[in-house]
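S.K.: One structure, pasted below without further comment.
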There are 4 protein chains.
Amino acid sequence: MLVVMSHLATQEEIDNVISVVEKRGYMARHIPGGDRVSIGILHNKGSVDASHFRGLAGVKEVIPVTRPYKLVSREFQPENTIIKVGDAEIGGNGMAIMAGPCAIESEKQALTIAGHVRKAGAHIFRGGAFKPRTSPYSFQGLGKKGLEILAKVREETGMPVVTEVMDYEKFDLVEEYADIIQIGTRNMQNFSLLRRAGKAKKPIMLKRGMAATIDEWLMAAEYILEEGNPRVILCERGVRTFVNHSRNTLDISAIPVVRKESHLPIIVDPSHAAGIRDQVIPLSLAAVAVNAHGLMVEVHHMPDEALSDGAQSLYPEQFEALCQKVASIHKLFHQGADT
Amino acid sequence: MLVVMSHLATQEEIDNVISVVEKRGYMARHIPGGDRVSIGILHNKGSVDASHFRGLAGVKEVIPVTRPYKLVSREFQPENTIIKVGDAEIGGNGMAIMAGPCAIESEKQALTIAGHVRKAGAHIFRGGAFKPRTSPYSFQGLGKKGLEILAKVREETGMPVVTEVMDYEKFDLVEEYADIIQIGTRNMQNFSLLRRAGKAKKPIMLKRGMAATIDEWLMAAEYILEEGNPRVILCERGVRTFVNHSRNTLDISAIPVVRKESHLPIIVDPSHAAGIRDQVIPLSLAAVAVNAHGLMVEVHHMPDEALSDGAQSLYPEQFEALCQKVASIHKLFHQGADT
Amino acid sequence: MLVVMSHLATQEEIDNVISVVEKRGYMARHIPGGDRVSIGILHNKGSVDASHFRGLAGVKEVIPVTRPYKLVSREFQPENTIIKVGDAEIGGNGMAIMAGPCAIESEKQALTIAGHVRKAGAHIFRGGAFKPRTSPYSFQGLGKKGLEILAKVREETGMPVVTEVMDYEKFDLVEEYADIIQIGTRNMQNFSLLRRAGKAKKPIMLKRGMAATIDEWLMAAEYILEEGNPRVILCERGVRTFVNHSRNTLDISAIPVVRKESHLPIIVDPSHAAGIRDQVIPLSLAAVAVNAHGLMVEVHHMPDEALSDGAQSLYPEQFEALCQKVASIHKLFHQGADT
Amino acid sequence: MLVVMSHLATQEEIDNVISVVEKRGYMARHIPGGDRVSIGILHNKGSVDASHFRGLAGVKEVIPVTRPYKLVSREFQPENTIIKVGDAEIGGNGMAIMAGPCAIESEKQALTIAGHVRKAGAHIFRGGAFKPRTSPYSFQGLGKKGLEILAKVREETGMPVVTEVMDYEKFDLVEEYADIIQIGTRNMQNFSLLRRAGKAKKPIMLKRGMAATIDEWLMAAEYILEEGNPRVILCERGVRTFVNHSRNTLDISAIPVVRKESHLPIIVDPSHAAGIRDQVIPLSLAAVAVNAHGLMVEVHHMPDEALSDGAQSLYPEQFEALCQKVASIHKLFHQGADT
């Protein structure tokens, strides 16, 4: 961390900053500059809280220099984390495809869609049993019944299943049924949930918060690793910006940046980024092109009658065509490639 | 809701949209236009999910017309909700001032600061016992010990206390000690927590999410009211934008908009919006000028040694001067005024 | 346009809105709803200014229904606009590659880089002669001398050249030398410049403004078409958001949306979106995957010594590898494909 | 500027960075850290372009330490710039009020509104003669005729007038008529226009760009000062964010930040920030509360018939009430106060 002093700072103010730095247990290094002094903060472990120094008299700015995360960083672990779930593998050279409806609506609906996506080439089945909804008056998911249907899908198709957990109370229940446990965008900084996820025996898929920086996202993952669960999959699903032609703005450059900074696998959810079917296929192809480790796509055989997010669900035949394109492009560029 | 058809839409596509609308239980009204047809959706209660129609063939756009919230809206309840806590009142013509440290660090710290802010004119004491922190390595609050200190502050000063609850598990505990229970910005759409808050006997202070629209924020409050707790205080604390000279961008126009749309009281937290002491006083005055129902301000007697957010905490003498300015400006404009 | 009345609006207020609509020369259609009235505005040509109605008594909201642009829309012209410049074609099924340094620094530099990019497969040479710089103290470009060097490059390599015009005064000069005239992101709504561009004999490349919606961008293009120049190329180069790991956030979904809404070609500038070399290649591949009509990439043979934007310039060998990947992926998906 | 090296950087890479820094004419200072090396760049004048170093091998990050602007900074000139225009003063302790219609529509309209705002207490009359409009089909202003009407208003009321210049070509003409020349938000980085403004004999009012940081805004002002015109008034008018309940988001904290960083006066335009009449008055009061040097407010005596921006124009009686409130709040806090 670098504390930049005002060019009007007095010697007394400089000395005070140094003394505060040292009282906090860090080492202070005085860096004389052209027209102002800076003070470097050196330390041995963990991250330093900039707000400790920002308000001191004579300070113009406090600039973080090192990244605040540790366990999730590639500096800490150079090789990729590879997560195996059933026959699927996430984080290796392959492209993991998760697909299914936004919400589980009935056993028949789930099995029908599972049949379609399995045949098209999906590796993992997705479907919400507990649904976080902006409105208390919208369909909230089938709950436990939905989990049982997911188990049935796994049994009949052999596909592992991923589903969202919304709270601490239902964590045990979801953990019992799911192969991968999803933490949604609105819960990315629900720290109690993250700590619980850190004690889970199953891999966690952590979606990026709607307005989260990559640092904040990786710090959220750090909570999970720090509690003992190293199996975290990151999922980019678009961020909120002024742009109004898509539901969110897919931050496609997040994929190469995260791959460089972290050893954790990163996949893309084009459906929630787009919010509308037409954009899902191009965004999926873009995700493969930037070398994401996987995709999570919403598919519905009768989207006009879906209980949620019908507009962004692909038809089975669209999904099948998408899987073929994904396979070709992935083969073209990334097969056998390292990060 | 208005479904706008493409100017190329066929009669068959138009008929299909009408049929889907009716199958969902709504009434469809055909609205011929200059060069395209629109279909109005009329309904009796609740909100309609735009995604049900956005993906249908021939549809160009789906435009929500009415607001999705009900219980929180001023159309539902024209008169202001006024919340009384101890001697304090939030939502009336007065200006409720909440002040205290970011985090409770010790009994001595809390009582010292409480003495200062009480004398300066604060009505309610704030202080975090459970702290949501971006990093798992930062100070996480004193937990139950912090709540006990808050109780001590109330006992000694007579001030009601407000503190944050981070999760469902600790809700009973926090509810036992707090006079107002705060739900933080990262939990604004933690729906399990909102439902639990709806069953609480204490008023809830609901901070705006970092990237939440006013609609989403009011819908989050709707969850609480819908479960039976009508005593919700909204707190604007800045939103995330590209702007980098403040920690967040205080959305000052949210106050008049919320006052117009909802009967719930709305206060402002200038400390988290600013992130730096220098901006806290101007932002506070701005909040009073736009007729917020209150302020929540961080104050610390030794901010250089604070365990969190020292840089944005006011010194006691600054807070005292602020309270005097707030009182004059409030007197000037808003005393005796209705919305 | 739809004028939604408050559910408290009086008959008199409704009648007044209708009268204002009619005084403006439009037709008003009364649309009774469940609990409120709306008024549709029907008209024969051009767009309607929402602000004419938003402030009228009793009005809750004014909602635009149709798009404000006309000449640029696909509804107006269904088939793609294809622009030919020398041997290159933009807007057809091929992938047009523009490459070169950020700024022309010397004849030697320009010819060296031109040789590299020509060989690698670029179709058009780019290079700034007039540079818009945030700081008046930064290198501002070689001016006319730079244009002469561009002419030399064209002569020696046969590649057409694209370069930026910053103002009306220099337009004649730039038009004399350039094959494609670029209007930069900071000038997207410089309406005098747009009108002048509308009278140009050369194609215009119009970059998206840093915070422009697609509607605003297409309206800026509409200025050019309306003045008589139908040859406009749109260029997505990232928008400004809270995200801080890239210089801008590439809005990859803009490509399919613009292709659907407009007949104009759209290319991508990954260099300015990224701001850093490492991200340029993945963003380029993403652009091809979503079927952009071209790419504009910064390349420098000695980026460490570049006078501007060295950090985001590719090395010649990186560019060559990129061109090969682009060709394969484009061949895979888009050859022979229509929009 | 601080160049932070990767913890994996080799000695050779570090040496290369130092050599590049020195080749650019700066001094390099080697700063050993806990687990990585940084290199400070010391220099005597002007700002350093981060992109020169960001792409070098082994570099993790480049962090600007000092501000890039000079002439506009308070470090350069500690005392406020005070601008006198007729009887009005901007930048002193008083509150300068500019008011008038969005666009000059006719002599009668202008004189009527001028009479109202003069009587209510406005010091300067505003009105657009050349209007930048998103659509080429919207009303574009009366042009020269509008300027002549402004001159008439000045003659009859004694008020100085402020009006926008849209381009270099019309600058001489606008300069002849206006007392203050406005550069609009879309032209904030129209560098040719800024340079011309730097040669003007009249004060310039520079609006903040829709997505401009304060650094970029002050750098734009630097262009004007650097060409020789020290009389620049900054105008905050809201920035573009995800927020959709106001036309733009007024960045109220920009006022204290700019007052601290720069000696230039800063005023607020609440009308364009709000976009709707109801929000204009609260935003105006907020601007006074944070100690802006002035306000620019749109007023129309018949807003329902205005040719542009009617919805955000105050009625004369609203404006009169606003002026009284502004005077009281300003008197309360800021009279006699220094920055």
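Naming works like this for the structure tokens: A, B, ... for the chains as they're shown, residue 1 at the start of each chain, ligands 1 onward in shown order.
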Select all residues from chain B having any atom no more than 6 Å from an atom of chain A (counting only C-alpha atoms, ignoring ligands), output as a list of chain:residue names.

M.R.: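 Taken together, these residues fit the definition: B:Ser51, B:His52, B:Arg54, B:Gly55, B:Ser135, B:Pro136, B:Arg186, B:Gln189, B:Ala211, B:Met219, B:Tyr223, B:Asp309, B:Gly310, B:Ala311.
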
S.K.: Counting only C-alpha atoms, what is within 12 Å of Lys331 in chain D, bar same-chain residues fewer than 6 positions away, as a short mmCIF file (atom, residue, chain, number, x, y, z; two decimals) with N, CA, C and O atoms, in the first residue's frame?

M.R.:
```
data_model
loop_
_atom_site.label_atom_id
_atom_site.label_comp_id
_atom_site.auth_asym_id
_atom_site.auth_seq_id
_atom_site.Cartn_x
_atom_site.Cartn_y
_atom_site.Cartn_z
N SER B 328 -30.59 23.90 11.71
CA SER B 328 -31.01 25.19 11.12
C SER B 328 -31.63 25.00 9.75
O SER B 328 -32.67 25.59 9.43
N ILE B 329 -30.98 24.20 8.94
CA ILE B 329 -31.51 24.04 7.58
C ILE B 329 -32.86 23.34 7.61
O ILE B 329 -33.78 23.68 6.87
N LEU B 332 -35.46 25.73 8.65
CA LEU B 332 -35.70 26.70 7.59
C LEU B 332 -36.77 26.23 6.60
O LEU B 332 -37.63 26.98 6.17
N ASN D 93 -18.24 34.58 -2.72
CA ASN D 93 -19.09 34.00 -1.68
C ASN D 93 -20.56 33.97 -2.04
O ASN D 93 -21.33 33.25 -1.42
N GLY D 94 -20.94 34.74 -3.04
CA GLY D 94 -22.35 34.78 -3.42
C GLY D 94 -22.77 33.56 -4.21
O GLY D 94 -21.96 32.68 -4.52
N MET D 95 -24.04 33.51 -4.51
CA MET D 95 -24.63 32.39 -5.24
C MET D 95 -25.15 32.95 -6.55
O MET D 95 -26.11 33.73 -6.56
N VAL D 288 -27.01 24.03 -3.30
CA VAL D 288 -26.67 25.15 -2.42
C VAL D 288 -26.06 24.61 -1.12
O VAL D 288 -25.07 25.14 -0.61
N ALA D 289 -26.65 23.54 -0.61
CA ALA D 289 -26.17 22.98 0.65
C ALA D 289 -24.72 22.53 0.57
O ALA D 289 -23.97 22.64 1.54
N ASN D 291 -22.56 23.94 -1.23
CA ASN D 291 -21.75 25.14 -1.47
C ASN D 291 -21.25 25.29 -2.90
O ASN D 291 -20.12 25.71 -3.14
N GLN D 324 -36.01 32.18 -3.30
CA GLN D 324 -36.09 32.59 -1.90
C GLN D 324 -35.45 31.54 -0.99
O GLN D 324 -34.71 31.87 -0.08
N LYS D 325 -35.75 30.28 -1.26
CA LYS D 325 -35.15 29.22 -0.46
C LYS D 325 -33.63 29.21 -0.60
O LYS D 325 -32.89 29.05 0.36
N ALA D 337 -18.08 32.76 4.14
CA ALA D 337 -17.21 31.58 4.30
C ALA D 337 -16.17 31.50 3.18
O ALA D 337 -16.43 31.90 2.05
#
```

S.K.: Please return as a ChimeraX atom specification: the residues of range 106-160 of chain C that backbone DSSP assigns to helix (DSSP H, G or I).

M.R.: /C:107-120,144-157

S.K.: Could you pull out all residues of range 195-326 of chain D with a DSSP call of strand (DSSP E or B) and give them as a ChimeraX atom specification?

M.R.: /D:204-207,232-236,239,249,251,262,266-268,294-299,314

S.K.: For N, CA and C atoms, I'd like the residues from the last selection saved as an mmCIF file, in the first residue's frame.

M.R.:
```cif
data_model
loop_
_atom_site.group_PDB
_atom_site.id
_atom_site.type_symbol
_atom_site.label_atom_id
_atom_site.label_comp_id
_atom_site.auth_asym_id
_atom_site.auth_seq_id
_atom_site.Cartn_x
_atom_site.Cartn_y
_atom_site.Cartn_z
ATOM 1 N N ILE D 204 -15.797 31.028 -20.128
ATOM 2 C CA ILE D 204 -16.336 29.780 -20.687
ATOM 3 C C ILE D 204 -17.019 28.992 -19.570
ATOM 4 N N MET D 205 -18.211 28.490 -19.830
ATOM 5 C CA MET D 205 -18.826 27.563 -18.882
ATOM 6 C C MET D 205 -18.698 26.157 -19.460
ATOM 7 N N LEU D 206 -17.949 25.304 -18.782
ATOM 8 C CA LEU D 206 -17.635 23.967 -19.307
ATOM 9 C C LEU D 206 -18.437 22.909 -18.562
ATOM 10 N N LYS D 207 -19.410 22.319 -19.234
ATOM 11 C CA LYS D 207 -20.211 21.278 -18.600
ATOM 12 C C LYS D 207 -19.437 19.959 -18.545
ATOM 13 N N VAL D 232 -12.765 30.143 -16.507
ATOM 14 C CA VAL D 232 -13.558 28.945 -16.786
ATOM 15 C C VAL D 232 -14.462 28.658 -15.592
ATOM 16 N N ILE D 233 -15.728 28.426 -15.879
ATOM 17 C CA ILE D 233 -16.704 28.013 -14.860
ATOM 18 C C ILE D 233 -17.046 26.562 -15.147
ATOM 19 N N LEU D 234 -16.945 25.705 -14.140
ATOM 20 C CA LEU D 234 -17.306 24.303 -14.322
ATOM 21 C C LEU D 234 -18.781 24.120 -13.991
ATOM 22 N N CYS D 235 -19.454 23.210 -14.683
ATOM 23 C CA CYS D 235 -20.878 22.985 -14.421
ATOM 24 C C CYS D 235 -21.193 21.493 -14.329
ATOM 25 N N GLU D 236 -21.516 21.059 -13.122
ATOM 26 C CA GLU D 236 -21.930 19.660 -12.902
ATOM 27 C C GLU D 236 -23.383 19.519 -13.317
ATOM 28 N N VAL D 239 -24.309 12.610 -14.250
ATOM 29 C CA VAL D 239 -23.563 11.642 -15.055
ATOM 30 C C VAL D 239 -24.468 10.454 -15.369
ATOM 31 N N THR D 249 -27.626 11.100 -13.122
ATOM 32 C CA THR D 249 -27.450 11.048 -11.679
ATOM 33 C C THR D 249 -26.570 12.216 -11.258
ATOM 34 N N ASP D 251 -24.050 14.127 -9.457
ATOM 35 C CA ASP D 251 -22.925 13.681 -8.622
ATOM 36 C C ASP D 251 -22.608 14.813 -7.649
ATOM 37 N N SER D 262 -9.461 22.303 -7.200
ATOM 38 C CA SER D 262 -9.289 23.371 -8.178
ATOM 39 C C SER D 262 -9.745 24.716 -7.621
ATOM 40 N N ILE D 266 -17.483 26.384 -9.499
ATOM 41 C CA ILE D 266 -18.298 25.254 -9.960
ATOM 42 C C ILE D 266 -19.759 25.500 -9.640
ATOM 43 N N ILE D 267 -20.592 25.374 -10.673
ATOM 44 C CA ILE D 267 -22.029 25.544 -10.481
ATOM 45 C C ILE D 267 -22.739 24.235 -10.822
ATOM 46 N N VAL D 268 -24.048 24.201 -10.576
ATOM 47 C CA VAL D 268 -24.825 22.987 -10.795
ATOM 48 C C VAL D 268 -26.010 23.281 -11.720
ATOM 49 N N GLY D 294 -23.041 28.427 -7.844
ATOM 50 C CA GLY D 294 -24.175 28.943 -8.592
ATOM 51 C C GLY D 294 -25.060 27.827 -9.086
ATOM 52 N N LEU D 295 -26.137 28.229 -9.735
ATOM 53 C CA LEU D 295 -27.128 27.293 -10.278
ATOM 54 C C LEU D 295 -27.489 27.740 -11.677
ATOM 55 N N MET D 296 -27.778 26.786 -12.543
ATOM 56 C CA MET D 296 -28.367 27.131 -13.834
ATOM 57 C C MET D 296 -29.661 26.336 -13.978
ATOM 58 N N VAL D 297 -30.775 27.048 -14.057
ATOM 59 C CA VAL D 297 -32.083 26.409 -13.967
ATOM 60 C C VAL D 297 -32.928 26.769 -15.189
ATOM 61 N N GLU D 298 -33.615 25.775 -15.718
ATOM 62 C CA GLU D 298 -34.521 26.047 -16.839
ATOM 63 C C GLU D 298 -35.893 26.476 -16.340
ATOM 64 N N VAL D 299 -36.377 27.583 -16.913
ATOM 65 C CA VAL D 299 -37.669 28.149 -16.520
ATOM 66 C C VAL D 299 -38.441 28.453 -17.800
ATOM 67 N N LEU D 314 -39.111 24.789 -14.831
ATOM 68 C CA LEU D 314 -39.949 25.257 -13.728
ATOM 69 C C LEU D 314 -40.931 26.309 -14.237
#
```

S.K.: Got a sec: who's within 8 Å of Tyr177 in chain C, counting only C-alpha atoms, leaving out chain neighbours fewer than 3 positions off, as a PDB file with N, CA and C atoms, in the first residue's frame?

M.R.:
```
ATOM      1  N   LEU C 147      -0.763  12.637 -42.373  1.00  0.00           N
ATOM      2  CA  LEU C 147      -1.625  12.276 -43.517  1.00  0.00           C
ATOM      3  C   LEU C 147      -0.780  11.932 -44.741  1.00  0.00           C
ATOM      4  N   GLU C 148       0.283  12.700 -44.959  1.00  0.00           N
ATOM      5  CA  GLU C 148       1.158  12.427 -46.102  1.00  0.00           C
ATOM      6  C   GLU C 148       1.817  11.054 -45.977  1.00  0.00           C
ATOM      7  N   LEU C 150       0.484   8.544 -44.439  1.00  0.00           N
ATOM      8  CA  LEU C 150      -0.568   7.570 -44.749  1.00  0.00           C
ATOM      9  C   LEU C 150      -0.704   7.380 -46.263  1.00  0.00           C
ATOM     10  N   ALA C 151      -0.623   8.470 -46.993  1.00  0.00           N
ATOM     11  CA  ALA C 151      -0.726   8.386 -48.458  1.00  0.00           C
ATOM     12  C   ALA C 151       0.425   7.544 -49.006  1.00  0.00           C
ATOM     13  N   LEU C 173      -9.132  18.533 -45.355  1.00  0.00           N
ATOM     14  CA  LEU C 173      -7.779  17.987 -45.427  1.00  0.00           C
ATOM     15  C   LEU C 173      -7.778  16.466 -45.232  1.00  0.00           C
ATOM     16  N   VAL C 174      -8.453  16.021 -44.176  1.00  0.00           N
ATOM     17  CA  VAL C 174      -8.480  14.584 -43.894  1.00  0.00           C
ATOM     18  C   VAL C 174      -9.191  13.847 -45.028  1.00  0.00           C
TER      19      VAL C 174
END
```

S.K.: Suppose you want the space between CA of Gly141 in chain C and CA of Gly58 in chain D; what is it in Å?

M.R.: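 These atoms are spaced 29.0 Å apart.
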
S.K.: Might you pull out every residue within 9 Å of Glu105 in chain C, with only C-alpha atoms counted and same-chain residues fewer than 4 positions away left off, and present them as a VMD selection string?

M.R.: chain C and resid 101 109 to 110 128 to 129 141 to 142 146 306 to 307

S.K.: How many Å separate CA of Arg154 in chain C from CA of Gly184 in chain C?

M.R.: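 Separation between CA of Arg154 in chain C and CA of Gly184 in chain C: 21.9 Å.
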
S.K.: Could you check how far CA of Arg247 in chain C sits from CA of Asn248 in chain D, in Å to one decimal?

M.R.: 22.4 Å

S.K.: List the spatial neighbours of Val117 in chain D as a list of chain:residue names - criterion: any atom at most 8 Å away, only C-alpha atoms, same-chain residues fewer than 5 positions off excluded.

M.R.: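 These residues fall inside the cut-off: D:Ala99, D:Gly100, D:Ala122, D:Phe125, D:Val299, D:Pro316, D:Phe319, D:Glu320.
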